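Chemist: The structure's right below; bear with me while I get my questions together.
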Amino acid sequence: MGMSDNEKGLILAISSSVFIGTSFILKKKGLKRAAASGTRAGSGGYTYLMEPLWWAGMVTMIIGEVANFVAYVYAPAMLVTPLGALSIIVSAVLAHFMLKERLRKMGVVGCVTCIVGSVVIVLHAPQEHTPDSVLEIWKLATEPAFLIYVAATTSIVLALILYFEPRCGQTNILVYLGICSLIGAITVVSIKAIGIAIKLTLEGVSQVAYPQTWFFVMVAAVCVITQLNYLNKALDTFNAALVSPIYYVMFTTLTIVASAIMFKDWSGQNASSIASELCGFVTVLAGTIILHATREDQTPEIGTVTYYVSEDAIKSFASEHLISIRYTDYFEE
């Protein structure tokens, strides 16, 4: 007896999370190696394109995204989306062993809180109607409500890129990940349209001749390239153990919002479901705040002796037999 479509989607979704979580770490290591011999990606450099390890991470991410794309074809978003949280666990564990990026206990609590909140949102998210053709998706995409959403998203992304990135992109993780997540929600809509077109074409109902199909392909390509560019900057600038969960939380939330607006799934929901979604969203915000508050601070304390052994290793007077003078009372004029 063969597997059902949901089982196929489940396997693909889990595999996708493993590949994507691993790709964060491989790309991070590649970016660090590239930064040692050229300009960092966070400063506008592209030397990472010559780093094999970065390309290994890129290929791993593509495999994961393809698996995720196919999973949405076989299984509903209600099943596939929550499993994206597995990539957070994978990247956090690998970052601990491969990047030596320690995540404190409260950071773990924040990570778990983000996952719980996201799962609550997804579990209580409204059911969506699956379109039967690209033309049906196009009709939904050109309705006023979704056009307003796209216009608002575009405006916010442009503001983040043109105004906020030059001023606080290197210090605020939400700038880079905000760009990735906002564009990612649009990407999901385009990818879903492409997936439906491919599935219908394979079933004998060709969607290739419709210009709308190629429009969605173009939009998806532009969005994916933009996402990768700013995701690289985020990984190069911030701790990978933080980038992964925050990106997941923002991307999941915005994807649910975009899907609800486009497919009108919010209509008909009862008060209990809406309340659960709001509680999940607040939980996500709380987890994000905890993650920010517990970000590992490697700034040396005033009055201590600290020296750097290598790029990833830091020693202080506590780990060596050093004489430390903490007070200036010993020095008198």
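Identifiers in the structure tokens: chain A, B, ... in order shown; residue index from 1 per chain; ligand index from 1 in order shown.
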Please produce, as CSV, a per-residue contact table for range 157-270 of chain A versus range 110-117 of chain A (criterion: any atom at most 9 Å away, only C-alpha atoms considered), showing the nearest atom pair and its distance in Å to one decimal, sorted by chain then residue number.
Modeler:
residue,atom,partner,partner_atom,distance
A:Leu242,CA,A:Cys111,CA,8.4
A:Pro245,CA,A:Cys111,CA,6.4
A:Ile246,CA,A:Cys114,CA,7.9
A:Tyr248,CA,A:Ile115,CA,8.7
A:Val249,CA,A:Cys114,CA,6.6
Chemist: If you count only C-alpha atoms, which residues fall within 9 Å of Thr81 in chain A, apart from same-chain ones fewer than 6 positions away, as a list in words?
Modeler: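 Counting only the stated atoms, we get Ala13, Tyr72, Val119, Val122 and Thr252 of chain A.
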Chemist: Env of Asn229 in chain A: 9 Å cut, atoms = only C-alpha atoms, seq-sep filter 4 positions within chain, self excluded. Answer as a PyMOL selection string.
Modeler: chain A and resi 41+180+224-225+233-234
Chemist: May I have the residues within 8 Å of range 203-213 of chain A as a PyMOL selection string, using only C-alpha atoms and disregarding those fewer than 6 positions away in the same chain?
Modeler: chain A and resi 133-135+138+193-194+197
Chemist: Choose the residue, out of A:Glu165, A:Ser4, A:Met262, A:Leu285, that has the smallest atom-to-atom separation from Lys139 in chain A; count only C-alpha atoms.
Modeler: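 That would be A:Met262, the residue with the smallest distance to Lys139 in chain A.
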